[in-house]
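K.L.:
Coordinates in run37.cif, mmCIF, C-alpha atoms, are listed below.
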data_start
#
loop_
_atom_site.group_PDB
_atom_site.id
_atom_site.type_symbol
_atom_site.label_atom_id
_atom_site.label_comp_id
_atom_site.auth_asym_id
_atom_site.auth_seq_id
_atom_site.Cartn_x
_atom_site.Cartn_y
_atom_site.Cartn_z
ATOM 1 C CA MET S 1 84.466 59.243 121.943
ATOM 2 C CA ALA S 2 83.269 62.436 123.614
ATOM 3 C CA LEU S 3 83.982 65.839 122.127
ATOM 4 C CA SER S 4 86.090 66.830 125.143
ATOM 5 C CA ASP S 5 88.212 63.693 124.663
ATOM 6 C CA ILE S 6 88.799 64.544 121.004
ATOM 7 C CA LEU S 7 89.856 68.105 121.824
ATOM 8 C CA GLY S 8 92.135 66.818 124.572
ATOM 9 C CA ALA S 9 93.786 64.348 122.225
ATOM 10 C CA LEU S 10 94.390 67.127 119.750
ATOM 11 C CA ALA S 11 96.069 69.383 122.285
ATOM 12 C CA GLY S 12 99.500 67.840 121.829
ATOM 13 C CA ARG S 13 99.186 67.011 118.176
ATOM 14 C CA ARG S 14 100.924 69.115 115.508
ATOM 15 C CA ARG S 15 99.069 69.491 112.250
ATOM 16 C CA SER S 16 100.710 70.292 108.919
ATOM 17 C CA ALA S 17 97.554 71.967 107.575
ATOM 18 C CA GLN S 18 94.876 74.239 108.974
ATOM 19 C CA PRO S 19 91.496 72.624 109.746
ATOM 20 C CA GLU S 20 89.918 74.819 107.034
ATOM 21 C CA ASP S 21 92.217 73.197 104.441
ATOM 22 C CA GLU S 22 91.404 69.688 105.640
ATOM 23 C CA LEU S 23 87.674 70.408 105.521
ATOM 24 C CA ALA S 24 87.907 71.984 102.064
ATOM 25 C CA LYS S 25 89.236 68.680 100.719
ATOM 26 C CA ARG S 26 85.872 67.202 101.663
ATOM 27 C CA GLY S 27 83.909 70.042 100.086
ATOM 28 C CA LEU S 28 83.183 71.772 103.425
ATOM 29 C CA PHE S 29 83.805 75.518 103.367
ATOM 30 C CA VAL S 30 84.427 77.536 106.527
ATOM 31 C CA ARG S 31 83.475 81.189 106.997
ATOM 32 C CA GLU S 32 84.457 83.179 110.058
ATOM 33 C CA HIS S 33 81.993 85.540 111.733
ATOM 34 C CA ASP S 34 82.137 87.920 114.694
ATOM 35 C CA VAL S 35 80.740 85.085 116.794
ATOM 36 C CA GLY S 36 81.730 81.570 115.755
ATOM 37 C CA VAL S 37 82.003 80.082 112.278
ATOM 38 C CA THR S 38 79.711 78.533 109.702
ATOM 39 C CA ILE S 39 80.230 75.598 107.338
ATOM 40 C CA SER S 40 78.551 75.152 103.977
ATOM 41 C CA GLY S 41 79.141 73.030 100.895
ATOM 42 C CA ARG S 42 78.803 69.243 100.690
ATOM 43 C CA THR S 43 77.445 68.856 104.199
ATOM 44 C CA TYR S 44 74.770 66.218 103.636
ATOM 45 C CA ARG S 45 77.013 63.158 103.906
ATOM 46 C CA HIS S 46 78.694 64.583 107.029
ATOM 47 C CA HIS S 47 75.622 65.506 109.095
ATOM 48 C CA ALA S 48 76.439 63.056 111.885
ATOM 49 C CA ALA S 49 80.034 64.312 112.219
ATOM 50 C CA LEU S 50 78.981 67.957 112.108
ATOM 51 C CA ARG S 51 76.407 67.391 114.813
ATOM 52 C CA GLN S 52 78.808 65.438 117.050
ATOM 53 C CA ALA S 53 81.423 68.196 116.721
ATOM 54 C CA GLY S 54 78.942 70.688 118.175
ATOM 55 C CA GLY S 55 77.408 72.103 115.008
ATOM 56 C CA GLN S 56 73.868 73.473 114.777
ATOM 57 C CA TRP S 57 71.920 73.223 111.492
ATOM 58 C CA ASP S 58 70.534 76.535 110.216
ATOM 59 C CA ALA S 59 67.672 75.510 107.937
ATOM 60 C CA GLU S 60 67.008 79.045 106.700
ATOM 61 C CA ARG S 61 70.568 79.694 105.522
ATOM 62 C CA LYS S 62 71.265 76.041 104.654
ATOM 63 C CA LEU S 63 74.507 75.797 106.624
ATOM 64 C CA TRP S 64 75.997 74.614 109.905
ATOM 65 C CA SER S 65 77.063 77.022 112.646
ATOM 66 C CA PHE S 66 79.635 76.563 115.424
ATOM 67 C CA ASP S 67 79.866 78.875 118.419
ATOM 68 C CA ASP S 68 83.496 77.894 119.071
ATOM 69 C CA PRO S 69 85.978 77.862 116.142
ATOM 70 C CA ALA S 70 88.084 75.358 118.105
ATOM 71 C CA ASN S 71 85.445 72.737 117.331
ATOM 72 C CA LEU S 72 86.762 72.656 113.764
ATOM 73 C CA LEU S 73 89.686 70.587 115.052
ATOM 74 C CA ALA S 74 87.249 68.147 116.576
ATOM 75 C CA LEU S 75 85.363 67.917 113.313
ATOM 76 C CA VAL S 76 88.547 67.130 111.397
ATOM 77 C CA ALA S 77 89.431 64.417 113.904
ATOM 78 C CA ILE S 78 85.952 62.892 113.676
ATOM 79 C CA LEU S 79 86.063 62.840 109.910
ATOM 80 C CA GLU S 80 89.531 61.264 109.894
ATOM 81 C CA THR S 81 88.582 58.536 112.393
ATOM 82 C CA PRO S 82 84.903 57.718 111.792
ATOM 83 C CA ALA S 83 85.105 54.312 113.497
ATOM 84 C CA ALA S 84 86.543 55.785 116.707
ATOM 85 C CA ALA S 85 83.806 58.429 116.689
ATOM 86 C CA GLY S 86 81.108 55.795 116.321
ATOM 87 C CA LEU S 87 80.116 56.891 112.844
ATOM 88 C CA ALA S 88 78.991 54.585 110.084
ATOM 89 C CA GLU S 89 79.685 56.856 107.140
ATOM 90 C CA ALA S 90 82.742 56.234 105.000
ATOM 91 C CA PRO S 91 85.476 58.812 104.477
ATOM 92 C CA SER S 92 84.534 61.451 101.928
ATOM 93 C CA ALA S 93 85.909 61.445 98.420
ATOM 94 C CA PRO S 94 88.262 64.308 97.546
ATOM 95 C CA TYR S 95 86.418 67.468 96.565
ATOM 96 C CA ARG S 96 86.017 68.070 92.868
ATOM 97 C CA PRO S 97 84.860 71.399 91.462
ATOM 98 C CA LYS S 98 81.182 71.669 90.641
ATOM 99 C CA PRO S 99 80.142 72.350 87.053
ATOM 100 C CA VAL S 100 79.617 76.003 87.982
ATOM 101 C CA ASP S 101 83.399 76.349 88.449
ATOM 102 C CA GLY S 102 83.888 75.408 84.816
ATOM 103 C CA HIS S 103 81.171 77.880 83.835
ATOM 104 C CA ARG S 104 83.004 80.700 85.589
ATOM 105 C CA GLU S 105 86.256 79.753 83.904
ATOM 106 C CA ARG S 106 84.541 79.832 80.504
ATOM 107 C CA LEU S 107 83.184 83.298 81.293
ATOM 108 C CA ARG S 108 86.651 84.496 82.276
ATOM 109 C CA LYS S 109 88.160 83.145 79.067
ATOM 110 C CA ARG S 110 85.463 84.792 76.954
ATOM 111 C CA LEU S 111 86.097 88.094 78.718
ATOM 112 C CA MET S 112 89.851 87.946 78.140
ATOM 113 C CA THR S 113 89.858 86.516 74.610
ATOM 114 C CA VAL S 114 86.746 87.958 72.971
ATOM 115 C CA GLY S 115 86.142 91.011 75.147
ATOM 116 C CA ALA S 116 83.499 92.364 77.505
ATOM 117 C CA ASP S 117 81.048 92.925 74.639
ATOM 118 C CA ALA S 118 80.649 89.146 74.377
ATOM 119 C CA LEU S 119 79.156 88.969 77.899
ATOM 120 C CA GLN S 120 75.666 89.976 78.963
ATOM 121 C CA ASP S 121 75.158 92.265 81.971
ATOM 122 C CA ASP S 122 74.244 89.351 84.244
ATOM 123 C CA GLU S 123 77.403 87.465 83.194
ATOM 124 C CA LEU S 124 79.655 90.451 83.902
ATOM 125 C CA LEU S 125 77.997 90.927 87.283
ATOM 126 C CA GLU S 126 78.307 87.203 88.010
ATOM 127 C CA LEU S 127 82.055 87.344 87.380
ATOM 128 C CA LEU S 128 82.373 90.418 89.590
ATOM 129 C CA LEU S 129 80.495 88.686 92.418
ATOM 130 C CA THR S 130 82.947 85.765 92.406
ATOM 131 C CA TYR S 131 85.475 88.166 93.954
ATOM 132 C CA ALA S 132 83.044 89.184 96.687
ATOM 133 C CA THR S 133 81.195 86.020 97.696
ATOM 134 C CA LYS S 134 82.091 82.431 98.481
ATOM 135 C CA ARG S 135 78.762 81.030 97.357
ATOM 136 C CA ALA S 136 78.915 78.208 94.847
ATOM 137 C CA ASP S 137 76.698 79.894 92.278
ATOM 138 C CA SER S 138 76.702 83.662 91.744
ATOM 139 C CA ALA S 139 74.576 83.549 88.594
ATOM 140 C CA GLY S 140 71.275 83.502 90.463
ATOM 141 C CA LEU S 141 72.345 86.367 92.720
ATOM 142 C CA ALA S 142 73.459 88.408 89.691
ATOM 143 C CA ARG S 143 70.064 87.963 88.034
ATOM 144 C CA GLU S 144 68.208 88.829 91.241
ATOM 145 C CA LEU S 145 70.249 92.015 91.692
ATOM 146 C CA LEU S 146 69.479 93.103 88.133
ATOM 147 C CA ARG S 147 65.776 92.406 88.667
ATOM 148 C CA SER S 148 65.773 94.335 91.952
ATOM 149 C CA PHE S 149 67.624 97.434 90.732
ATOM 150 C CA GLY S 150 66.773 97.440 87.050
ATOM 151 C CA SER S 151 70.225 97.848 85.508
ATOM 152 C CA LEU S 152 73.892 97.024 85.987
ATOM 153 C CA HIS S 153 74.606 100.684 86.658
ATOM 154 C CA ALA S 154 71.983 100.810 89.415
ATOM 155 C CA VAL S 155 73.367 97.632 91.030
ATOM 156 C CA LEU S 156 76.877 99.060 91.240
ATOM 157 C CA ALA S 157 75.489 102.325 92.642
ATOM 158 C CA ALA S 158 73.440 100.584 95.358
ATOM 159 C CA GLU S 159 74.153 101.427 98.993
ATOM 160 C CA PRO S 160 74.695 98.720 101.682
ATOM 161 C CA LYS S 161 71.182 99.186 103.122
ATOM 162 C CA GLN S 162 69.698 98.623 99.682
ATOM 163 C CA LEU S 163 71.750 95.462 99.118
ATOM 164 C CA ALA S 164 70.599 94.130 102.491
ATOM 165 C CA ARG S 165 67.052 93.941 101.124
ATOM 166 C CA VAL S 166 68.057 91.446 98.424
ATOM 167 C CA ASP S 167 67.070 87.925 99.479
ATOM 168 C CA GLY S 168 69.816 86.305 97.399
ATOM 169 C CA PHE S 169 72.461 87.369 99.907
ATOM 170 C CA ALA S 170 70.896 85.190 102.627
ATOM 171 C CA GLU S 171 73.095 82.204 101.739
ATOM 172 C CA GLY S 172 76.340 84.050 102.435
ATOM 173 C CA GLY S 173 74.923 86.311 105.122
ATOM 174 C CA GLU S 174 76.299 89.637 106.243
ATOM 175 C CA ARG S 175 79.842 88.888 105.106
ATOM 176 C CA ASP S 176 78.876 88.469 101.460
ATOM 177 C CA ARG S 177 76.752 91.616 101.503
ATOM 178 C CA GLU S 178 79.592 93.594 103.058
ATOM 179 C CA PHE S 179 82.176 92.303 100.581
ATOM 180 C CA ALA S 180 79.856 92.963 97.624
ATOM 181 C CA SER S 181 79.144 96.461 98.891
ATOM 182 C CA VAL S 182 82.871 97.212 99.217
ATOM 183 C CA LEU S 183 83.599 95.814 95.761
ATOM 184 C CA PHE S 184 80.755 97.773 94.156
ATOM 185 C CA ARG S 185 81.956 100.969 95.809
ATOM 186 C CA ILE S 186 85.503 100.378 94.574
ATOM 187 C CA VAL S 187 84.217 99.901 91.028
ATOM 188 C CA ARG S 188 81.956 102.946 91.321
ATOM 189 C CA GLU S 189 84.580 105.265 92.779
ATOM 190 C CA THR S 190 87.297 104.094 90.392
ATOM 191 C CA SER S 191 85.001 104.679 87.436
ATOM 192 C CA ALA S 192 83.950 108.114 88.716
ATOM 193 C CA ARG S 193 87.533 109.195 89.301
ATOM 194 C CA ALA S 194 88.582 107.936 85.889
ATOM 195 C CA ARG S 195 85.812 109.994 84.282
ATOM 196 C CA ALA S 196 86.710 113.014 86.418
ATOM 197 C CA SER S 197 90.366 112.768 85.383
ATOM 198 C CA SER S 198 89.338 112.739 81.719
ATOM 199 C CA PHE S 199 87.408 115.982 82.263
ATOM 200 C CA LYS S 200 90.620 117.611 83.446
ATOM 201 C CA GLU S 201 91.961 117.228 79.915
ATOM 202 C CA ARG S 202 88.984 118.630 77.964
ATOM 203 C CA PRO S 203 85.994 120.921 78.571
ATOM 204 C CA LEU S 204 83.477 119.284 80.846
ATOM 205 C CA ILE S 205 80.463 121.159 79.472
ATOM 206 C CA ASP S 206 81.245 120.000 75.934
ATOM 207 C CA THR S 207 80.537 116.370 76.912
ATOM 208 C CA PRO S 208 76.988 116.441 78.390
ATOM 209 C CA GLU S 209 76.366 112.713 77.898
ATOM 210 C CA GLU S 210 79.475 111.695 79.817
ATOM 211 C CA LEU S 211 78.777 114.323 82.457
ATOM 212 C CA SER S 212 75.293 112.901 82.906
ATOM 213 C CA LEU S 213 76.682 109.376 83.395
ATOM 214 C CA TYR S 214 79.285 110.686 85.825
ATOM 215 C CA LEU S 215 76.701 112.486 87.969
ATOM 216 C CA ASP S 216 74.298 109.552 87.859
ATOM 217 C CA ALA S 217 76.991 107.164 89.093
ATOM 218 C CA ALA S 218 77.898 109.489 91.948
ATOM 219 C CA LEU S 219 74.442 110.363 93.243
ATOM 220 C CA ALA S 220 71.492 108.530 91.678
ATOM 221 C CA GLN S 221 71.225 105.703 94.234
ATOM 222 C CA SER S 222 72.020 107.678 97.387
ATOM 223 C CA GLU S 223 69.329 107.460 100.067
ATOM 224 C CA ILE S 224 70.165 110.882 101.473
ATOM 225 C CA GLU S 225 70.357 114.211 99.713
ATOM 226 C CA ALA S 226 73.883 115.436 98.994
ATOM 227 C CA ALA S 227 75.255 118.516 97.243
ATOM 228 C CA HIS S 228 78.346 118.562 95.010
ATOM 229 C CA VAL S 229 80.037 121.504 93.344
ATOM 230 C CA LEU S 230 82.106 120.972 90.192
ATOM 231 C CA PHE S 231 84.747 123.702 90.023
ATOM 232 C CA LEU S 232 85.904 124.602 86.498
ATOM 233 C CA ASP S 233 88.881 126.510 85.132
ATOM 234 C CA ALA S 234 88.859 129.168 82.396
ATOM 235 C CA ALA S 235 88.745 126.430 79.722
ATOM 236 C CA ASN S 236 85.730 124.794 81.428
ATOM 237 C CA ARG S 237 87.842 121.821 82.489
ATOM 238 C CA LEU S 238 87.169 120.188 85.839
ATOM 239 C CA ILE S 239 89.452 121.318 88.640
ATOM 240 C CA ARG S 240 87.750 119.340 91.389
ATOM 241 C CA ASP S 241 84.463 117.695 92.298
ATOM 242 C CA VAL S 242 83.753 118.622 95.926
ATOM 243 C CA ARG S 243 80.998 117.099 98.061
ATOM 244 C CA MET S 244 79.982 120.262 99.894
ATOM 245 C CA ALA S 245 77.123 119.046 102.064
ATOM 246 C CA GLU S 246 74.899 116.155 103.117
ATOM 247 C CA GLY S 247 71.408 116.498 104.472
ATOM 248 C CA THR S 248 68.322 114.411 105.141
ATOM 249 C CA VAL S 249 66.180 112.488 102.703
ATOM 250 C CA ASP S 250 64.619 115.711 101.414
ATOM 251 C CA HIS S 251 66.884 118.664 102.210
ATOM 252 C CA THR S 252 70.532 119.618 101.851
ATOM 253 C CA PRO S 253 71.850 123.033 102.901
ATOM 254 C CA LEU S 254 74.403 124.553 100.506
ATOM 255 C CA TYR S 255 76.048 127.622 101.973
ATOM 256 C CA ARG S 256 77.037 130.277 99.436
ATOM 257 C CA ARG S 257 79.907 131.530 101.598
ATOM 258 C CA GLU S 258 81.515 128.063 101.622
ATOM 259 C CA VAL S 259 81.117 127.705 97.855
ATOM 260 C CA ALA S 260 82.663 131.133 97.251
ATOM 261 C CA LYS S 261 85.541 130.398 99.609
ATOM 262 C CA ARG S 262 86.373 127.107 97.875
ATOM 263 C CA ALA S 263 86.082 128.731 94.420
ATOM 264 C CA MET S 264 88.708 131.296 95.377
ATOM 265 C CA GLU S 265 90.979 128.637 96.874
ATOM 266 C CA LEU S 266 90.838 126.608 93.648
ATOM 267 C CA ASN S 267 91.052 129.678 91.387
ATOM 268 C CA ALA S 268 87.868 128.537 89.639
ATOM 269 C CA THR S 269 86.110 130.711 87.051
ATOM 270 C CA ALA S 270 82.853 128.719 86.893
ATOM 271 C CA VAL S 271 80.947 126.078 88.823
ATOM 272 C CA ILE S 272 78.233 123.507 88.211
ATOM 273 C CA LEU S 273 76.006 122.883 91.217
ATOM 274 C CA VAL S 274 74.720 119.329 91.615
ATOM 275 C CA HIS S 275 72.463 117.627 94.109
ATOM 276 C CA ASN S 276 70.247 114.557 94.162
ATOM 277 C CA HIS S 277 66.632 113.851 95.054
ATOM 278 C CA PRO S 278 66.468 110.418 96.769
ATOM 279 C CA THR S 279 62.768 110.229 95.912
ATOM 280 C CA GLY S 280 63.831 109.790 92.290
ATOM 281 C CA ASP S 281 61.958 112.844 90.988
ATOM 282 C CA PRO S 282 64.425 115.528 89.818
ATOM 283 C CA THR S 283 61.831 118.315 89.707
ATOM 284 C CA PRO S 284 63.306 121.453 91.384
ATOM 285 C CA SER S 285 61.621 122.652 94.542
ATOM 286 C CA ASP S 286 61.092 126.311 95.405
ATOM 287 C CA ALA S 287 63.930 125.978 97.905
ATOM 288 C CA ASP S 288 66.219 124.635 95.156
ATOM 289 C CA VAL S 289 65.479 127.638 92.952
ATOM 290 C CA THR S 290 65.987 130.125 95.780
ATOM 291 C CA MET S 291 69.244 128.523 96.884
ATOM 292 C CA THR S 292 70.593 128.529 93.319
ATOM 293 C CA ARG S 293 69.905 132.230 92.848
ATOM 294 C CA MET S 294 71.517 133.081 96.192
ATOM 295 C CA VAL S 295 74.682 131.125 95.316
ATOM 296 C CA ALA S 296 74.799 132.640 91.825
ATOM 297 C CA GLU S 297 74.565 136.178 93.243
ATOM 298 C CA ALA S 298 77.321 135.501 95.774
ATOM 299 C CA LEU S 299 79.669 134.032 93.175
ATOM 300 C CA ALA S 300 78.991 136.812 90.673
ATOM 301 C CA ALA S 301 80.539 139.214 93.187
ATOM 302 C CA ILE S 302 83.882 137.373 92.786
ATOM 303 C CA ASP S 303 83.554 136.874 88.999
ATOM 304 C CA VAL S 304 82.664 133.189 89.195
ATOM 305 C CA THR S 305 79.828 131.954 86.964
ATOM 306 C CA VAL S 306 77.249 129.367 87.976
ATOM 307 C CA TYR S 307 77.075 127.553 84.648
ATOM 308 C CA ASP S 308 74.317 125.161 85.680
ATOM 309 C CA HIS S 309 72.538 123.431 88.533
ATOM 310 C CA VAL S 310 71.753 119.762 87.859
ATOM 311 C CA ILE S 311 69.343 117.734 89.992
ATOM 312 C CA VAL S 312 69.911 113.970 89.796
ATOM 313 C CA GLY S 313 66.977 111.593 90.197
ATOM 314 C CA LYS S 314 66.697 107.906 89.436
ATOM 315 C CA GLY S 315 67.173 107.591 85.694
ATOM 316 C CA ARG S 316 66.408 111.282 85.105
ATOM 317 C CA GLN S 317 68.167 114.606 85.542
ATOM 318 C CA THR S 318 66.998 118.224 85.426
ATOM 319 C CA SER S 319 69.226 121.055 84.218
ATOM 320 C CA PHE S 320 68.358 124.539 85.481
ATOM 321 C CA ARG S 321 69.960 126.077 82.384
ATOM 322 C CA GLU S 322 67.973 123.925 79.964
ATOM 323 C CA SER S 323 64.803 124.537 81.987
ATOM 324 C CA GLY S 324 65.249 128.332 81.909
ATOM 325 C CA LEU S 325 65.710 128.563 85.672
ATOM 326 C CA LEU S 326 69.214 129.978 85.484
#
Please rewrite the model in this file as structure tokens.
P.N.:
Amino acid sequence: MALSDILGALAGRRRSAQPEDELAKRGLFVREHDVGVTISGRTYRHHAALRQAGGQWDAERKLWSFDDPANLLALVAILETPAAAGLAEAPSAPYRPKPVDGHRERLRKRLMTVGADALQDDELLELLLTYATKRADSAGLARELLRSFGSLHAVLAAEPKQLARVDGFAEGGERDREFASVLFRIVRETSARARASSFKERPLIDTPEELSLYLDAALAQSEIEAAHVLFLDAANRLIRDVRMAEGTVDHTPLYRREVAKRAMELNATAVILVHNHPTGDPTPSDADVTMTRMVAEALAAIDVTVYDHVIVGKGRQTSFRESGLL
């Protein structure tokens, strides 16, 4: 039976389930893309049907691709009527979860019953990735991410371009990388905002360790230089963390007039200047020192103190106040 005949026969047929659901019963998982769809999973026993339905085998990604999503209907019909399609293979057995599914469930139970302390970093990351990817096994990807970035914190702070360099995402392609990037950013931003909200209740400068973690999460993995200003009230509590400027990989302009204007709008009495060095080395440049002094002089004229200027590198930070530069 030709593919066109199968599609024609399906034109007047009403189906109670979507083709994706029918294929999932056979362990075949469909992913939509901007152009066409791909199928992965238990494809080996269905190679003949996949090929007859118009699929192309992608050896590098280990999946089948279809230019036209409508061909999924043809594939379902072929699988349901193998004799009519001239196939010798028997109907597939119902899909049963792989052992990895049970592994994930055990991890979830340990998290909820014993607590997060019972899980290693790679196990926590593996569980997080299950909400971002459709791959059968996220454990290998979790370990590769930790090897590539060095720590769980660095993984969650990674930008999309950095994640694209990780080979482990090849199986799921661009979709999995995009979903992981979105999920990591949600975790990162939620954590940063939670920390920021806690600083609104107590003096920020009295908690240097937490402040360091907060700044590292916000800026350490950025591939471009960015400048933040933390505006403080009279009790040194955080009023607002404002991203004032973005620059290139090695320079960010911070305009003293803009900082002074925002300080007056927020009724701030002190500020902490923050920017990152994408190279990873937090050593202040001559331009950093000059800019800091110019901002400090401008803010002094309106009775606002520059408490510190912190440069964030990769795993290291430099405080102007502790270094005697302020």
K.L.:
Could you pull the residues within 12 Å of His33 of chain S, counting all atoms listed in the file, minus those fewer than 4 positions along the same chain, as an MDAnalysis selection string?
P.N.:
chainID S and resid 37:39 65:69 172:176
K.L.:
I need the output of the PyMOL selection byres ((chain S and resi 205-222) around 10) for this file as number ranges by chain; which residues are they?
P.N.:
S: 149, 153-159, 162, 188-189, 191-196, 199, 202-204, 223-228, 232, 235-238, 249, 272, 274-280, 307-308, 310-317
K.L.:
Name all residues at most 8 Å from segment 110-125 of chain S (count all atoms listed in the file; drop same-chain ones fewer than 4 positions away) and give them as a list in words.
P.N.:
Arg106, Leu129, Ala139, Ala142, Arg143, Leu146 and Leu152 of chain S
K.L.:
Which is closest to Leu73 of chain S among S:Ala53, S:Met244, S:Ala48, S:Ile302, if we use all atoms listed in the file?
P.N.:
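The answer is S:Ala53, which sits nearest to Leu73 of chain S.
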K.L.:
Rounded to one decimal in Å, what is the spacing between atom CA of Gly36 of chain S and atom CA of Phe184 of chain S?
P.N.:
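Computing the Euclidean distance for atom CA of Gly36 of chain S and atom CA of Phe184 of chain S yields 27.0 Å.
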K.L.:
Determine the residue set returned by the PyMOL selection byres ((chain S and resi 288) around 12) for the present structure, and present it as a PyMOL selection string.
P.N.:
chain S and resi 227+250-254+273-277+282-287+289-295+309-311+318-320+325-326
K.L.:
Please expand the PyMOL selection byres ((chain S and resi 131) around 12) into the concrete residues it hits in this file, giving the result as a PDB file with C-alpha atoms, in the coordinates of the input.
P.N.:
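Contents of result.pdb, as written:
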ATOM      1  CA  ARG S 104      83.004  80.700  85.589  1.00  0.00           C
ATOM      2  CA  LEU S 124      79.655  90.451  83.902  1.00  0.00           C
ATOM      3  CA  LEU S 125      77.997  90.927  87.283  1.00  0.00           C
ATOM      4  CA  GLU S 126      78.307  87.203  88.010  1.00  0.00           C
ATOM      5  CA  LEU S 127      82.055  87.344  87.380  1.00  0.00           C
ATOM      6  CA  LEU S 128      82.373  90.418  89.590  1.00  0.00           C
ATOM      7  CA  LEU S 129      80.495  88.686  92.418  1.00  0.00           C
ATOM      8  CA  THR S 130      82.947  85.765  92.406  1.00  0.00           C
ATOM      9  CA  ALA S 132      83.044  89.184  96.687  1.00  0.00           C
ATOM     10  CA  THR S 133      81.195  86.020  97.696  1.00  0.00           C
ATOM     11  CA  LYS S 134      82.091  82.431  98.481  1.00  0.00           C
ATOM     12  CA  ARG S 135      78.762  81.030  97.357  1.00  0.00           C
ATOM     13  CA  ALA S 136      78.915  78.208  94.847  1.00  0.00           C
ATOM     14  CA  SER S 138      76.702  83.662  91.744  1.00  0.00           C
ATOM     15  CA  ASP S 176      78.876  88.469 101.460  1.00  0.00           C
ATOM     16  CA  PHE S 179      82.176  92.303 100.581  1.00  0.00           C
ATOM     17  CA  ALA S 180      79.856  92.963  97.624  1.00  0.00           C
ATOM     18  CA  SER S 181      79.144  96.461  98.891  1.00  0.00           C
ATOM     19  CA  VAL S 182      82.871  97.212  99.217  1.00  0.00           C
ATOM     20  CA  LEU S 183      83.599  95.814  95.761  1.00  0.00           C
ATOM     21  CA  PHE S 184      80.755  97.773  94.156  1.00  0.00           C
TER      22      PHE S 184
END
K.L.:
With distances taken over only C-alpha atoms, which residue among S:Ser151, S:Glu265, S:Val187, S:Arg256 lies nearest Glu297 of chain S?
P.N.:
S:Arg256
K.L.:
I need the residue nearest His47 of chain S from this list: S:Ala298, S:Leu79, S:Val304, S:Leu72. Use all atoms listed in the file for the distance.
P.N.:
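Counting all atoms listed in the file, the residue closest to His47 of chain S is S:Leu79.
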K.L.:
Calculated over all atoms listed in the file, which of the candidates S:Gly324, S:Gly168, S:Pro160, S:Gly41 has the smallest distance to Phe29 of chain S?
P.N.:
S:Gly41
K.L.:
Just how far from atom CA of Glu80 of chain S is atom CA of Val30 of chain S, in Å to one decimal?
P.N.:
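Atom CA of Glu80 of chain S lies 17.4 Å from atom CA of Val30 of chain S.
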K.L.:
Please, what distance in Å, to one decimal, runs between atom CA of Leu266 of chain S and atom CA of Asp233 of chain S?
P.N.:
8.7 Å
K.L.:
S:Asp58, S:Asp167, S:Glu258, S:Asp241: which is nearest Thr43 of chain S, counting only C-alpha atoms?
P.N.:
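Using only C-alpha atoms, the shortest distance to Thr43 of chain S belongs to S:Asp58.
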K.L.:
So, counting all atoms listed in the file, which residue among S:Asp281, S:Lys261, S:Leu75, S:Leu299 is closest to Pro19 of chain S?
P.N.:
S:Leu75
